[in-house]
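Participant: To be precise about what I am sending: the file is called run16.tsv and holds TSV, C-alpha atoms and all ligand atoms.
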```
chain	number	residue	atom	x	y	z
A	1	MET	CA	-58.60	-44.98	46.49
A	2	SER	CA	-61.27	-42.31	46.83
A	3	GLN	CA	-60.31	-38.68	47.06
A	4	VAL	CA	-59.45	-37.68	50.61
A	5	THR	CA	-59.80	-34.07	51.61
A	6	GLU	CA	-58.89	-34.19	55.26
A	7	TYR	CA	-56.67	-36.19	57.54
A	8	SER	CA	-57.84	-39.63	58.57
A	9	GLU	CA	-57.86	-40.68	62.21
A	10	LYS	CA	-54.81	-42.82	61.52
A	11	VAL	CA	-52.89	-39.88	60.08
A	12	MET	CA	-53.79	-37.78	63.12
A	13	ASP	CA	-52.77	-40.62	65.43
A	14	HIS	CA	-49.36	-41.05	63.79
A	15	PHE	CA	-48.87	-37.29	63.63
A	16	THR	CA	-49.68	-36.63	67.28
A	17	ASN	CA	-48.02	-39.82	68.52
A	18	PRO	CA	-45.33	-40.67	65.98
A	19	ARG	CA	-43.62	-44.05	66.29
A	20	ASN	CA	-39.89	-44.58	65.93
A	21	VAL	CA	-38.68	-40.99	66.09
A	22	GLY	CA	-34.98	-40.69	66.75
A	23	GLU	CA	-31.81	-42.23	65.47
A	24	LEU	CA	-30.04	-45.56	65.65
A	25	GLU	CA	-26.44	-45.77	66.67
A	26	ASP	CA	-24.64	-48.37	64.56
A	27	ALA	CA	-27.41	-48.34	61.96
A	28	SER	CA	-26.85	-50.74	59.07
A	29	GLY	CA	-28.04	-48.09	56.64
A	30	VAL	CA	-28.78	-44.37	56.84
A	31	GLY	CA	-30.44	-42.33	54.14
A	32	THR	CA	-31.13	-38.62	54.01
A	33	VAL	CA	-33.38	-37.13	51.38
A	34	GLY	CA	-34.87	-33.77	50.64
A	35	ASN	CA	-38.20	-32.96	49.05
A	36	ALA	CA	-37.70	-30.63	46.13
A	37	LYS	CA	-41.26	-29.40	46.34
A	38	CYS	CA	-41.17	-28.01	49.86
A	39	GLY	CA	-37.50	-28.22	50.88
A	40	ASP	CA	-38.21	-30.52	53.80
A	41	ILE	CA	-35.70	-33.12	54.89
A	42	MET	CA	-35.96	-36.69	56.13
A	43	ARG	CA	-33.36	-39.04	57.53
A	44	MET	CA	-34.02	-42.75	57.94
A	45	TYR	CA	-32.02	-45.25	60.00
A	46	LEU	CA	-32.35	-49.01	59.52
A	47	SER	CA	-30.89	-51.84	61.58
A	48	ILE	CA	-30.62	-55.00	59.52
A	49	ASP	CA	-29.52	-58.39	60.85
A	50	ASP	CA	-27.36	-61.03	59.17
A	51	ALA	CA	-30.43	-62.65	57.63
A	52	GLY	CA	-31.28	-59.38	55.88
A	53	VAL	CA	-34.28	-58.63	58.11
A	54	VAL	CA	-35.00	-55.09	59.25
A	55	THR	CA	-34.93	-55.32	63.03
A	56	ASP	CA	-35.39	-51.64	63.79
A	57	ALA	CA	-36.14	-48.38	62.02
A	58	LYS	CA	-36.09	-44.79	63.17
A	59	PHE	CA	-36.49	-41.44	61.48
A	60	LYS	CA	-35.88	-37.76	61.98
A	61	THR	CA	-37.53	-35.13	59.88
A	62	PHE	CA	-37.87	-31.44	59.33
A	63	GLY	CA	-41.04	-32.24	57.41
A	64	CYS	CA	-44.66	-31.33	57.88
A	65	GLY	CA	-47.31	-33.28	59.77
A	66	ALA	CA	-48.07	-35.53	56.81
A	67	ALA	CA	-44.36	-36.34	56.48
A	68	VAL	CA	-44.22	-37.22	60.17
A	69	ALA	CA	-47.30	-39.46	59.91
A	70	THR	CA	-46.13	-41.24	56.76
A	71	SER	CA	-42.62	-41.81	58.13
A	72	SER	CA	-44.04	-43.10	61.37
A	73	MET	CA	-46.21	-45.59	59.49
A	74	ALA	CA	-43.39	-46.46	57.06
A	75	THR	CA	-41.01	-47.34	59.90
A	76	GLU	CA	-43.70	-49.54	61.43
A	77	LEU	CA	-44.25	-51.28	58.10
A	78	VAL	CA	-40.58	-52.03	57.33
A	79	LYS	CA	-39.82	-53.54	60.72
A	80	GLY	CA	-39.70	-57.33	60.53
A	81	LYS	CA	-39.50	-57.32	56.73
A	82	THR	CA	-36.57	-58.53	54.68
A	83	VAL	CA	-34.70	-55.84	52.80
A	84	GLN	CA	-36.30	-57.14	49.61
A	85	GLU	CA	-39.80	-56.95	51.11
A	86	ALA	CA	-39.02	-53.45	52.39
A	87	MET	CA	-38.92	-52.38	48.74
A	88	ASN	CA	-42.69	-52.91	48.71
A	89	VAL	CA	-43.19	-50.25	51.38
A	90	THR	CA	-43.98	-47.62	48.78
A	91	ASN	CA	-45.59	-44.30	49.43
A	92	LYS	CA	-48.79	-45.81	48.04
A	93	ALA	CA	-48.65	-48.69	50.53
A	94	VAL	CA	-48.00	-46.25	53.35
A	95	MET	CA	-50.88	-44.01	52.29
A	96	GLU	CA	-53.21	-46.98	52.11
A	97	ALA	CA	-52.16	-48.05	55.61
A	98	LEU	CA	-53.02	-44.53	56.77
A	99	ASP	CA	-56.43	-44.54	55.03
A	100	GLY	CA	-55.28	-41.95	52.52
A	101	LEU	CA	-53.83	-38.48	52.39
A	102	PRO	CA	-55.20	-35.28	50.88
A	103	PRO	CA	-53.83	-34.90	47.30
A	104	VAL	CA	-51.76	-31.83	48.16
A	105	LYS	CA	-49.95	-33.91	50.76
A	106	VAL	CA	-49.10	-36.91	48.60
A	107	HIS	CA	-45.62	-35.57	47.85
A	108	CYS	CA	-44.86	-35.63	51.58
A	109	SER	CA	-45.31	-39.40	51.66
A	110	LEU	CA	-42.63	-39.71	48.99
A	111	LEU	CA	-40.06	-38.51	51.51
A	112	ALA	CA	-40.55	-41.66	53.58
A	113	GLU	CA	-40.27	-43.98	50.57
A	114	GLU	CA	-37.20	-42.21	49.23
A	115	ALA	CA	-35.55	-42.17	52.64
A	116	ILE	CA	-36.10	-45.93	53.02
A	117	HIS	CA	-34.57	-46.50	49.58
A	118	ALA	CA	-31.63	-44.25	50.43
A	119	ALA	CA	-31.04	-46.16	53.69
A	120	LEU	CA	-31.31	-49.50	51.85
A	121	TRP	CA	-28.85	-48.23	49.27
A	122	ASP	CA	-26.42	-47.28	52.02
A	123	TYR	CA	-26.84	-50.76	53.57
A	124	SER	CA	-26.41	-52.46	50.20
A	125	LYS	CA	-23.20	-50.55	49.53
A	126	LYS	CA	-21.76	-51.36	52.95
A	127	SER	CA	-22.82	-55.01	53.07
A	128	GLY	CA	-22.56	-55.96	49.42
A	129	VAL	CA	-26.12	-57.36	49.55
A	130	GLN	CA	-27.97	-56.82	46.27
A	131	ILE	CA	-31.58	-55.64	46.48
A	132	ASP	CA	-33.62	-56.14	43.30
A	133	GLY	CA	-35.18	-52.99	41.93
A	134	LEU	CA	-33.17	-50.67	44.16
A	135	GLU	CA	-31.64	-47.74	42.35
A	136	GLU	CA	-29.20	-45.15	43.54
A	137	PRO	CA	-31.27	-42.47	45.24
A	138	VAL	CA	-31.10	-39.25	43.29
A	139	ALA	CA	-32.48	-37.32	46.19
A	140	ASP	CA	-29.92	-38.46	48.75
A	141	ILE	CA	-28.31	-35.31	49.98
A	142	GLY	CA	-25.79	-37.10	52.16
A	143	GLU	CA	-24.71	-35.76	55.45
A	144	ILE	CA	-26.35	-32.59	56.59
A	145	GLU	CA	-25.44	-30.32	59.43
A	146	GLU	CA	-27.47	-31.01	62.53
A	201	LIG	FE1	-42.82	-30.79	53.05
A	201	LIG	FE2	-44.98	-32.12	53.63
A	201	LIG	S1	-44.88	-30.06	53.03
A	201	LIG	S2	-42.97	-32.83	53.61
```
Reformat the file's structure so that it appears as structure tokens.

Facilitator:
Amino acid sequence: MSQVTEYSEKVMDHFTNPRNVGELEDASGVGTVGNAKCGDIMRMYLSIDDAGVVTDAKFKTFGCGAAVATSSMATELVKGKTVQEAMNVTNKAVMEALDGLPPVKVHCSLLAEEAIHAALWDYSKKSGVQIDGLEEPVADIGEIEE
């Protein structure tokens, strides 16, 4: 991917009109992560059906614009995927779907990936469903005060 120095139209679109902001009652998995670099926080909610397909995804963040845009795109990308396929929604995949991010903002996109993994971990623990390649999220900070 070539070096990007400013926000793409897609980033601006997802920042100004973010998809899937909010929370899901009765979510199958919830993950909350913090970004050590900037201190920002992201919480991801996933609804997963009996076939292991992500039927809905929502997020809430105290992150910057790039975090909002990447989470918005990430939630769009995981919907309709199996939990195993959702593992492929990496920060790199999200950045590519957004036509890139400036290098100083790459760490923001990690919040979305880590929050998805944390939510999948929560789901896996509750349901007993194994997800290949999923590791316990080190960044999960658990419940935070609203
Ligand atoms: Fe914190 Fe972007 S600066 S998520």

Participant: Can you measure CA of Gly133 (chain A) to CA of Asn88 (chain A) for me? One decimal in Å is fine.

Facilitator: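 Straight-line distance from CA of Gly133 (chain A) to CA of Asn88 (chain A) works out to 10.1 Å.
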
Participant: Return the single residue from A:Thr70, A:Asn17, A:Thr90, A:Thr82 that is closest to ligand LIG 201 (chain A), with distances computed using only C-alpha atoms and all ligand atoms.

Facilitator: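 Ranking A:Thr70, A:Asn17, A:Thr90, A:Thr82 by distance to ligand LIG 201 (chain A), first place goes to A:Thr70.
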
Participant: Could you pull out the residues sitting within 10 Å of ligand LIG 201 (chain A), using only C-alpha atoms and all ligand atoms, and write them as a PyMOL selection string?

Facilitator: chain A and resi 34-42+61-70+104-112

Participant: Could you tell me, as a list in words, which residues have any atom at most 9 Å from (-41.1, -48.4, 58.2), counting all atoms listed in the file?

Facilitator: Asn20, Leu46, Asp56, Ala57, Lys58, Phe59, Thr70, Ser71, Ser72, Met73, Ala74, Thr75, Glu76, Leu77, Val78, Lys79, Ala86, Val89, Val94, Ala112, Glu113 and Ile116 of chain A

Participant: Taking all atoms listed in the file into account, which of A:Val30, A:Ala93, A:Leu134, A:Val83 comes nearest Asp49 (chain A)?

Facilitator: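 So, comparing all the options, the nearest one is A:Val83.
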
Participant: To one decimal place in Å, what is the distance between CA of Gly52 (chain A) and CA of Lys126 (chain A)?

Facilitator: 12.8 Å

Participant: What is the CA of Glu135 (chain A) to CA of Ser47 (chain A) distance in Å?

Facilitator: 19.7 Å

Participant: Neighbouring residues of Ser8 (chain A) were defined as those with any atom within 8 Å, considering all atoms listed in the file; residues of the same chain fewer than 6 positions away were excluded. Please report them as a ChimeraX atom specification.

Facilitator: /A:98-101

Participant: Could you give me the axis-aligned bounding box of region 106-113 of chain A, with 6 Å of padding per side, as centre plus edge lengths in Å to one decimal, as lines of an AutoDock Vina configuration file?

Facilitator:
```
center_x = -44.6
center_y = -39.8
center_z = 50.7
size_x = 21.0
size_y = 20.4
size_z = 17.7
```

Participant: Could you rebuild region 121-132 of chain A with N, CA and C atoms and give it back as a short mmCIF file (atom, residue, chain, number, x, y, z; two decimals), keeping the file's coordinate frame?

Facilitator:
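Result written to selection-v8.cif:
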```
data_model
loop_
_atom_site.label_atom_id
_atom_site.label_comp_id
_atom_site.auth_asym_id
_atom_site.auth_seq_id
_atom_site.Cartn_x
_atom_site.Cartn_y
_atom_site.Cartn_z
N TRP A 121 -29.99 -48.38 50.18
CA TRP A 121 -28.85 -48.23 49.27
C TRP A 121 -27.54 -48.17 50.07
N ASP A 122 -27.59 -47.41 51.14
CA ASP A 122 -26.42 -47.28 52.02
C ASP A 122 -26.05 -48.66 52.59
N TYR A 123 -27.07 -49.40 53.05
CA TYR A 123 -26.84 -50.76 53.57
C TYR A 123 -26.26 -51.66 52.49
N SER A 124 -26.84 -51.60 51.30
CA SER A 124 -26.41 -52.46 50.20
C SER A 124 -24.94 -52.20 49.86
N LYS A 125 -24.58 -50.92 49.84
CA LYS A 125 -23.20 -50.55 49.53
C LYS A 125 -22.24 -51.09 50.59
N LYS A 126 -22.65 -50.95 51.86
CA LYS A 126 -21.76 -51.36 52.95
C LYS A 126 -21.66 -52.87 53.08
N SER A 127 -22.76 -53.57 52.82
CA SER A 127 -22.82 -55.01 53.07
C SER A 127 -22.55 -55.84 51.82
N GLY A 128 -22.72 -55.22 50.66
CA GLY A 128 -22.56 -55.96 49.42
C GLY A 128 -23.79 -56.77 49.05
N VAL A 129 -24.87 -56.64 49.84
CA VAL A 129 -26.12 -57.36 49.55
C VAL A 129 -26.87 -56.65 48.43
N GLN A 130 -27.23 -57.40 47.40
CA GLN A 130 -27.97 -56.82 46.27
C GLN A 130 -29.46 -56.79 46.60
N ILE A 131 -30.13 -55.72 46.27
CA ILE A 131 -31.58 -55.64 46.48
C ILE A 131 -32.21 -55.34 45.11
N ASP A 132 -33.02 -56.29 44.63
CA ASP A 132 -33.62 -56.14 43.30
C ASP A 132 -34.49 -54.89 43.23
#
```
